[in-house]
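Asks: Sending over a structure as structure tokens; questions will come in a sec.
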Amino acid sequence: MSDFTRDVSDNVKALGEDPSLWPQSLQWMHDVGRHHYTYNFHWLGRPIIQYPQDIVAFQEVVHRVKPDLILETGIAHGGSLVLSASLLSLLDIMEGLDPRQSKRKVIGVDIDIRPHNRQALDDHPLRYKMELIEGSSIDPEVVNDVHARCQGFEKVLVSLDSNHTKHHVAEELKAYAGLVSVDSYCIVFDTVVEYMHSEFVQNREWGPGNSPLTAVQDFLATNPHFEVDHSFDGKLLITVARGGYLKRIS
Ligand SMILES: C[S@@+](CC[C@H](N)C(=O)[O-])C[C@H]1O[C@@H](n2cnc3c(N)ncnc32)[C@H](O)[C@@H]1O
């Protein structure tokens, strides 16, 4: 480890252990959430409903894992799908491969792919890297379809960002965590719901006690193959996926 890498690692650990920073970060997320901050961003032309911090962390995970397949639940406007497609294309280029010829791809699943979003993705220059499935991510037919499309891929990264109830995320973890390759990640977004004030979860099916984090906690209690990579919590602080960067360790 270089001096710089060791310093950064120590800084990240200290950030994660500083008792004042998470409450401040959470307060900031509440304050900007009132102005729908997560809707402010685009990735290569498509709206992406993420914090910039999580987008950068996603890039770090992709570079570290070098997946040949990314599976995402929750497409919305397609920004996260385009993000994955662009990062996979860059991995190809960094390895001297032609992105159009390599087998790397992203599969996106959404229960409702609106026509204008589908059209925008169909028109996107990176469309050749994407496969879209319309249906519920926990519908057995969709799960079977995803598994069939994942055949023959070795390094698989999974991102869960669809319905944020405990039941739904638990079912997604049951359906898709097994696809994640060792040393890769299953990123469970919106674990932050567990910490949100009631005004942010009004008219939502999910909320504290019924959140992605509660599904993750149950999942980890019975699944020794995964652990939380807490370095992302300290590194980011501002993240919707606190405790949701799950690394497959065996
Ligand atoms: C938070 S948005 C996804 C944001 C997207 N990943 C991004 O970064 O821009 C959640 C999406 O999940 C979808 N969704 C809701 N319930 C679902 C289900 N049962 N199966 C699959 N997708 C679902 C919604 O239609 C919505 O488009």
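Every chain in the structure tokens takes a letter, A first, then B, and so on in the order presented; its residues are numbered from 1, and the ligands are numbered from 1 following the presented order.
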Write out as a list in words which residues come within 6 Å of stretch 5-15 of chain A when counting only C-alpha atoms, dropping same-chain ones fewer than 2 positions away.
Replies: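 Here the answer would be Ser2, Asp3, Glu17, Asp18, Gly234 and Lys235 of chain A.
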Asks: Since we have the selection now, will you write its residues out, keeping N, CA, C and O atoms, as a PDB file, in the first residue's frame?
Replies:
```
ATOM      1  N   SER A   2       0.611   2.188  -0.916  1.00  0.00           N
ATOM      2  CA  SER A   2       1.411   3.422  -0.936  1.00  0.00           C
ATOM      3  C   SER A   2       1.021   4.308   0.250  1.00  0.00           C
ATOM      4  O   SER A   2      -0.030   4.108   0.873  1.00  0.00           O
ATOM      5  N   ASP A   3       1.883   5.284   0.537  1.00  0.00           N
ATOM      6  CA  ASP A   3       1.572   6.209   1.638  1.00  0.00           C
ATOM      7  C   ASP A   3       0.231   6.893   1.396  1.00  0.00           C
ATOM      8  O   ASP A   3      -0.578   7.050   2.309  1.00  0.00           O
ATOM      9  N   GLU A  17     -15.930   6.896  11.663  1.00  0.00           N
ATOM     10  CA  GLU A  17     -16.012   6.765  13.130  1.00  0.00           C
ATOM     11  C   GLU A  17     -16.301   8.089  13.827  1.00  0.00           C
ATOM     12  O   GLU A  17     -16.560   8.108  15.028  1.00  0.00           O
ATOM     13  N   ASP A  18     -16.255   9.201  13.087  1.00  0.00           N
ATOM     14  CA  ASP A  18     -16.525  10.506  13.703  1.00  0.00           C
ATOM     15  C   ASP A  18     -18.011  10.595  14.060  1.00  0.00           C
ATOM     16  O   ASP A  18     -18.866  10.585  13.171  1.00  0.00           O
ATOM     17  N   GLY A 234     -18.115   5.526   5.328  1.00  0.00           N
ATOM     18  CA  GLY A 234     -17.204   6.571   5.791  1.00  0.00           C
ATOM     19  C   GLY A 234     -16.741   7.467   4.662  1.00  0.00           C
ATOM     20  O   GLY A 234     -16.635   8.684   4.807  1.00  0.00           O
ATOM     21  N   LYS A 235     -16.467   6.840   3.510  1.00  0.00           N
ATOM     22  CA  LYS A 235     -15.971   7.594   2.362  1.00  0.00           C
ATOM     23  C   LYS A 235     -17.003   8.609   1.883  1.00  0.00           C
ATOM     24  O   LYS A 235     -16.675   9.753   1.574  1.00  0.00           O
TER      25      LYS A 235
END
```
Asks: Go through the chains and note each residue within 6 Å of ligand 1, using only C-alpha atoms and all ligand atoms, then give the set as a list in words.
Replies: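 If we count only C-alpha atoms and all ligand atoms, the neighbours of ligand 1 turn out to be Ile48, Ile49, Gln50, Thr73, Gly74, Ile75, Ala76, His77, Gly78, Gly79, Ser80, Val109, Asp110, Ile111, Asp112, Ser136, Ser137, Asp161, Ser162 and Asn163 of chain A.
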Asks: Quote the spacing between atom CA of A:Tyr176 and atom CA of A:Val143 in Å to one decimal place.
Replies: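 Going from atom CA of A:Tyr176 over to atom CA of A:Val143 covers 7.9 Å.
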Asks: I'd like the contact shell of A:Val201 - 12 Å cut-off, only C-alpha atoms, skipping same-chain residues fewer than 5 positions apart - returned as a ChimeraX atom specification.
Replies: /A:30,33-34,164-165,190,192-196,206-211
Asks: For each of A:His35, A:Arg46, A:Arg204, A:Lys247, take the minimum atom-to-atom distance to A:Asp123, counting only C-alpha atoms, then give the residue where this is smallest.
Replies: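 Result for the nearest residue to A:Asp123: A:Arg46.
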Asks: Residues of stretch 51-249 of chain A in alpha helix (DSSP H) according to DSSP, as a PDB file with C-alpha atoms, in the first residue's frame?
Replies:
```
ATOM      1  CA  PRO A  52     -23.381  12.311  -7.196  1.00  0.00           C
ATOM      2  CA  GLN A  53     -21.501  10.653  -4.316  1.00  0.00           C
ATOM      3  CA  ASP A  54     -23.136   7.283  -5.013  1.00  0.00           C
ATOM      4  CA  ILE A  55     -22.464   7.701  -8.744  1.00  0.00           C
ATOM      5  CA  VAL A  56     -18.746   8.140  -8.037  1.00  0.00           C
ATOM      6  CA  ALA A  57     -18.763   5.192  -5.641  1.00  0.00           C
ATOM      7  CA  PHE A  58     -20.522   3.068  -8.270  1.00  0.00           C
ATOM      8  CA  GLN A  59     -17.726   3.953 -10.701  1.00  0.00           C
ATOM      9  CA  GLU A  60     -15.144   2.856  -8.117  1.00  0.00           C
ATOM     10  CA  VAL A  61     -16.957  -0.459  -7.589  1.00  0.00           C
ATOM     11  CA  VAL A  62     -17.194  -1.081 -11.332  1.00  0.00           C
ATOM     12  CA  HIS A  63     -13.515  -0.315 -11.846  1.00  0.00           C
ATOM     13  CA  ARG A  64     -12.563  -2.559  -8.929  1.00  0.00           C
ATOM     14  CA  VAL A  65     -14.766  -5.509  -9.946  1.00  0.00           C
ATOM     15  CA  GLY A  79     -29.784   7.307 -16.103  1.00  0.00           C
ATOM     16  CA  SER A  80     -28.340   4.518 -13.997  1.00  0.00           C
ATOM     17  CA  LEU A  81     -28.622   2.131 -16.932  1.00  0.00           C
ATOM     18  CA  VAL A  82     -26.697   4.563 -19.143  1.00  0.00           C
ATOM     19  CA  LEU A  83     -24.148   4.995 -16.343  1.00  0.00           C
ATOM     20  CA  SER A  84     -23.563   1.227 -16.272  1.00  0.00           C
ATOM     21  CA  ALA A  85     -23.442   0.991 -20.064  1.00  0.00           C
ATOM     22  CA  SER A  86     -20.889   3.813 -20.231  1.00  0.00           C
ATOM     23  CA  LEU A  87     -18.678   2.335 -17.520  1.00  0.00           C
ATOM     24  CA  LEU A  88     -18.783  -1.102 -19.143  1.00  0.00           C
ATOM     25  CA  SER A  89     -17.793   0.485 -22.461  1.00  0.00           C
ATOM     26  CA  LEU A  90     -14.891   2.280 -20.762  1.00  0.00           C
ATOM     27  CA  LEU A  91     -13.724  -0.980 -19.180  1.00  0.00           C
ATOM     28  CA  ASP A  92     -13.731  -2.510 -22.655  1.00  0.00           C
ATOM     29  CA  ILE A  93     -11.685   0.379 -24.034  1.00  0.00           C
ATOM     30  CA  MET A  94      -9.224   0.189 -21.121  1.00  0.00           C
ATOM     31  CA  PRO A 115     -42.796   4.836 -23.597  1.00  0.00           C
ATOM     32  CA  HIS A 116     -40.838   8.124 -23.611  1.00  0.00           C
ATOM     33  CA  ASN A 117     -38.118   6.608 -21.419  1.00  0.00           C
ATOM     34  CA  ARG A 118     -37.934   3.493 -23.593  1.00  0.00           C
ATOM     35  CA  GLN A 119     -37.735   5.677 -26.696  1.00  0.00           C
ATOM     36  CA  ALA A 120     -34.951   7.795 -25.197  1.00  0.00           C
ATOM     37  CA  LEU A 121     -33.002   4.652 -24.331  1.00  0.00           C
ATOM     38  CA  ASP A 122     -33.666   3.155 -27.778  1.00  0.00           C
ATOM     39  CA  PRO A 140     -40.880 -15.641 -11.008  1.00  0.00           C
ATOM     40  CA  GLU A 141     -41.025 -15.330 -14.821  1.00  0.00           C
ATOM     41  CA  VAL A 142     -38.840 -12.223 -14.726  1.00  0.00           C
ATOM     42  CA  VAL A 143     -36.444 -13.875 -12.270  1.00  0.00           C
ATOM     43  CA  ASN A 144     -36.134 -16.881 -14.599  1.00  0.00           C
ATOM     44  CA  ASP A 145     -35.613 -14.604 -17.592  1.00  0.00           C
ATOM     45  CA  VAL A 146     -32.851 -12.696 -15.768  1.00  0.00           C
ATOM     46  CA  HIS A 147     -31.129 -15.920 -14.728  1.00  0.00           C
ATOM     47  CA  ALA A 148     -31.257 -17.212 -18.307  1.00  0.00           C
ATOM     48  CA  ARG A 149     -29.715 -13.979 -19.619  1.00  0.00           C
ATOM     49  CA  LYS A 166     -38.570  -4.765   3.161  1.00  0.00           C
ATOM     50  CA  HIS A 167     -40.516  -7.586   1.522  1.00  0.00           C
ATOM     51  CA  HIS A 168     -39.630  -6.540  -2.013  1.00  0.00           C
ATOM     52  CA  VAL A 169     -35.920  -6.062  -1.320  1.00  0.00           C
ATOM     53  CA  ALA A 170     -35.803  -9.347   0.618  1.00  0.00           C
ATOM     54  CA  GLU A 171     -37.325 -11.107  -2.404  1.00  0.00           C
ATOM     55  CA  GLU A 172     -34.862  -9.386  -4.750  1.00  0.00           C
ATOM     56  CA  LEU A 173     -31.963 -10.468  -2.560  1.00  0.00           C
ATOM     57  CA  LYS A 174     -33.319 -14.024  -2.570  1.00  0.00           C
ATOM     58  CA  ALA A 175     -33.669 -13.942  -6.357  1.00  0.00           C
ATOM     59  CA  TYR A 176     -30.462 -12.194  -7.399  1.00  0.00           C
ATOM     60  CA  SER A 198     -41.878  10.606   8.532  1.00  0.00           C
ATOM     61  CA  GLU A 199     -42.536  13.580   6.165  1.00  0.00           C
ATOM     62  CA  PHE A 200     -40.259  11.933   3.566  1.00  0.00           C
ATOM     63  CA  VAL A 201     -42.038   8.607   3.549  1.00  0.00           C
ATOM     64  CA  PRO A 212     -34.207  -1.851   2.287  1.00  0.00           C
ATOM     65  CA  LEU A 213     -31.952  -1.735   5.366  1.00  0.00           C
ATOM     66  CA  THR A 214     -34.234  -4.033   7.346  1.00  0.00           C
ATOM     67  CA  ALA A 215     -34.174  -6.493   4.433  1.00  0.00           C
ATOM     68  CA  VAL A 216     -30.365  -6.287   4.318  1.00  0.00           C
ATOM     69  CA  GLN A 217     -30.102  -6.934   8.054  1.00  0.00           C
ATOM     70  CA  ASP A 218     -32.225 -10.091   7.810  1.00  0.00           C
ATOM     71  CA  PHE A 219     -30.348 -11.201   4.704  1.00  0.00           C
ATOM     72  CA  LEU A 220     -26.935 -10.820   6.351  1.00  0.00           C
ATOM     73  CA  ALA A 221     -28.077 -12.653   9.480  1.00  0.00           C
ATOM     74  CA  THR A 222     -28.526 -15.842   7.457  1.00  0.00           C
ATOM     75  CA  SER A 231     -15.630   1.859   3.833  1.00  0.00           C
ATOM     76  CA  PHE A 232     -18.288   3.327   1.518  1.00  0.00           C
ATOM     77  CA  ASP A 233     -20.245   4.671   4.494  1.00  0.00           C
ATOM     78  CA  GLY A 234     -17.204   6.571   5.791  1.00  0.00           C
ATOM     79  CA  LYS A 235     -15.971   7.594   2.362  1.00  0.00           C
ATOM     80  CA  LEU A 236     -19.318   9.015   1.224  1.00  0.00           C
TER      81      LEU A 236
END
```
Asks: Counting only C-alpha atoms, figure out which residue out of A:Tyr51, A:Val182, A:Ile138, A:Asn40 gets nearest to A:Ala241.
Replies: A:Tyr51
Asks: Nearest to A:Leu132 among A:Leu179, A:Val158, A:Leu246, A:Leu71, with distances taken over only C-alpha atoms: which residue is it?
Replies: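 Using only C-alpha atoms, the shortest distance to A:Leu132 belongs to A:Leu71.
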Asks: For the atom pair atom CA of A:Ser159 and atom CA of A:Pro67, what is the interatomic distance in Å to one decimal place?
Replies: 12.3 Å
Asks: Report, in Å to a single decimal, how far apart atom CA of A:Val156 and atom CA of A:Met1 are.
Replies: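 For atom CA of A:Met1 relative to atom CA of A:Val156, the distance reads 26.7 Å.
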Asks: Which residues in stretch 66-130 of chain A does DSSP call strand (DSSP E or B)? List them as a ChimeraX atom specification.
Replies: /A:69-73,105-110,130
Asks: Would you save the residues from that selection as a PDB file, in the first residue's frame, using N, CA, C and O atoms?
Replies:
```pdb
ATOM      1  N   LEU A  69     -21.061  -8.330 -16.453  1.00  0.00           N
ATOM      2  CA  LEU A  69     -22.517  -8.136 -16.455  1.00  0.00           C
ATOM      3  C   LEU A  69     -22.932  -7.308 -15.243  1.00  0.00           C
ATOM      4  O   LEU A  69     -22.487  -7.582 -14.117  1.00  0.00           O
ATOM      5  N   ILE A  70     -23.774  -6.314 -15.473  1.00  0.00           N
ATOM      6  CA  ILE A  70     -24.403  -5.578 -14.368  1.00  0.00           C
ATOM      7  C   ILE A  70     -25.898  -5.816 -14.479  1.00  0.00           C
ATOM      8  O   ILE A  70     -26.489  -5.673 -15.562  1.00  0.00           O
ATOM      9  N   LEU A  71     -26.498  -6.208 -13.375  1.00  0.00           N
ATOM     10  CA  LEU A  71     -27.958  -6.353 -13.311  1.00  0.00           C
ATOM     11  C   LEU A  71     -28.499  -5.245 -12.425  1.00  0.00           C
ATOM     12  O   LEU A  71     -28.043  -5.084 -11.285  1.00  0.00           O
ATOM     13  N   GLU A  72     -29.464  -4.490 -12.954  1.00  0.00           N
ATOM     14  CA  GLU A  72     -30.063  -3.402 -12.180  1.00  0.00           C
ATOM     15  C   GLU A  72     -31.569  -3.587 -12.103  1.00  0.00           C
ATOM     16  O   GLU A  72     -32.212  -3.834 -13.129  1.00  0.00           O
ATOM     17  N   THR A  73     -32.128  -3.418 -10.921  1.00  0.00           N
ATOM     18  CA  THR A  73     -33.583  -3.302 -10.833  1.00  0.00           C
ATOM     19  C   THR A  73     -33.904  -1.832 -10.583  1.00  0.00           C
ATOM     20  O   THR A  73     -33.216  -1.168  -9.813  1.00  0.00           O
ATOM     21  N   LYS A 105     -22.457  -6.320 -20.741  1.00  0.00           N
ATOM     22  CA  LYS A 105     -23.771  -5.700 -20.923  1.00  0.00           C
ATOM     23  C   LYS A 105     -24.393  -5.391 -19.565  1.00  0.00           C
ATOM     24  O   LYS A 105     -23.958  -5.910 -18.529  1.00  0.00           O
ATOM     25  N   VAL A 106     -25.415  -4.535 -19.606  1.00  0.00           N
ATOM     26  CA  VAL A 106     -26.217  -4.263 -18.414  1.00  0.00           C
ATOM     27  C   VAL A 106     -27.649  -4.694 -18.708  1.00  0.00           C
ATOM     28  O   VAL A 106     -28.182  -4.428 -19.796  1.00  0.00           O
ATOM     29  N   ILE A 107     -28.233  -5.393 -17.742  1.00  0.00           N
ATOM     30  CA  ILE A 107     -29.650  -5.766 -17.830  1.00  0.00           C
ATOM     31  C   ILE A 107     -30.410  -4.889 -16.846  1.00  0.00           C
ATOM     32  O   ILE A 107     -30.048  -4.803 -15.671  1.00  0.00           O
ATOM     33  N   GLY A 108     -31.457  -4.226 -17.311  1.00  0.00           N
ATOM     34  CA  GLY A 108     -32.297  -3.412 -16.435  1.00  0.00           C
ATOM     35  C   GLY A 108     -33.698  -3.987 -16.371  1.00  0.00           C
ATOM     36  O   GLY A 108     -34.251  -4.411 -17.398  1.00  0.00           O
ATOM     37  N   VAL A 109     -34.252  -4.007 -15.168  1.00  0.00           N
ATOM     38  CA  VAL A 109     -35.613  -4.514 -14.964  1.00  0.00           C
ATOM     39  C   VAL A 109     -36.449  -3.401 -14.339  1.00  0.00           C
ATOM     40  O   VAL A 109     -36.023  -2.784 -13.353  1.00  0.00           O
ATOM     41  N   ASP A 110     -37.617  -3.150 -14.910  1.00  0.00           N
ATOM     42  CA  ASP A 110     -38.524  -2.174 -14.293  1.00  0.00           C
ATOM     43  C   ASP A 110     -39.968  -2.613 -14.567  1.00  0.00           C
ATOM     44  O   ASP A 110     -40.285  -3.076 -15.665  1.00  0.00           O
ATOM     45  N   MET A 130     -27.268  -2.423 -23.558  1.00  0.00           N
ATOM     46  CA  MET A 130     -28.368  -2.556 -22.592  1.00  0.00           C
ATOM     47  C   MET A 130     -29.382  -3.602 -23.025  1.00  0.00           C
ATOM     48  O   MET A 130     -29.712  -3.702 -24.199  1.00  0.00           O
TER      49      MET A 130
END
```
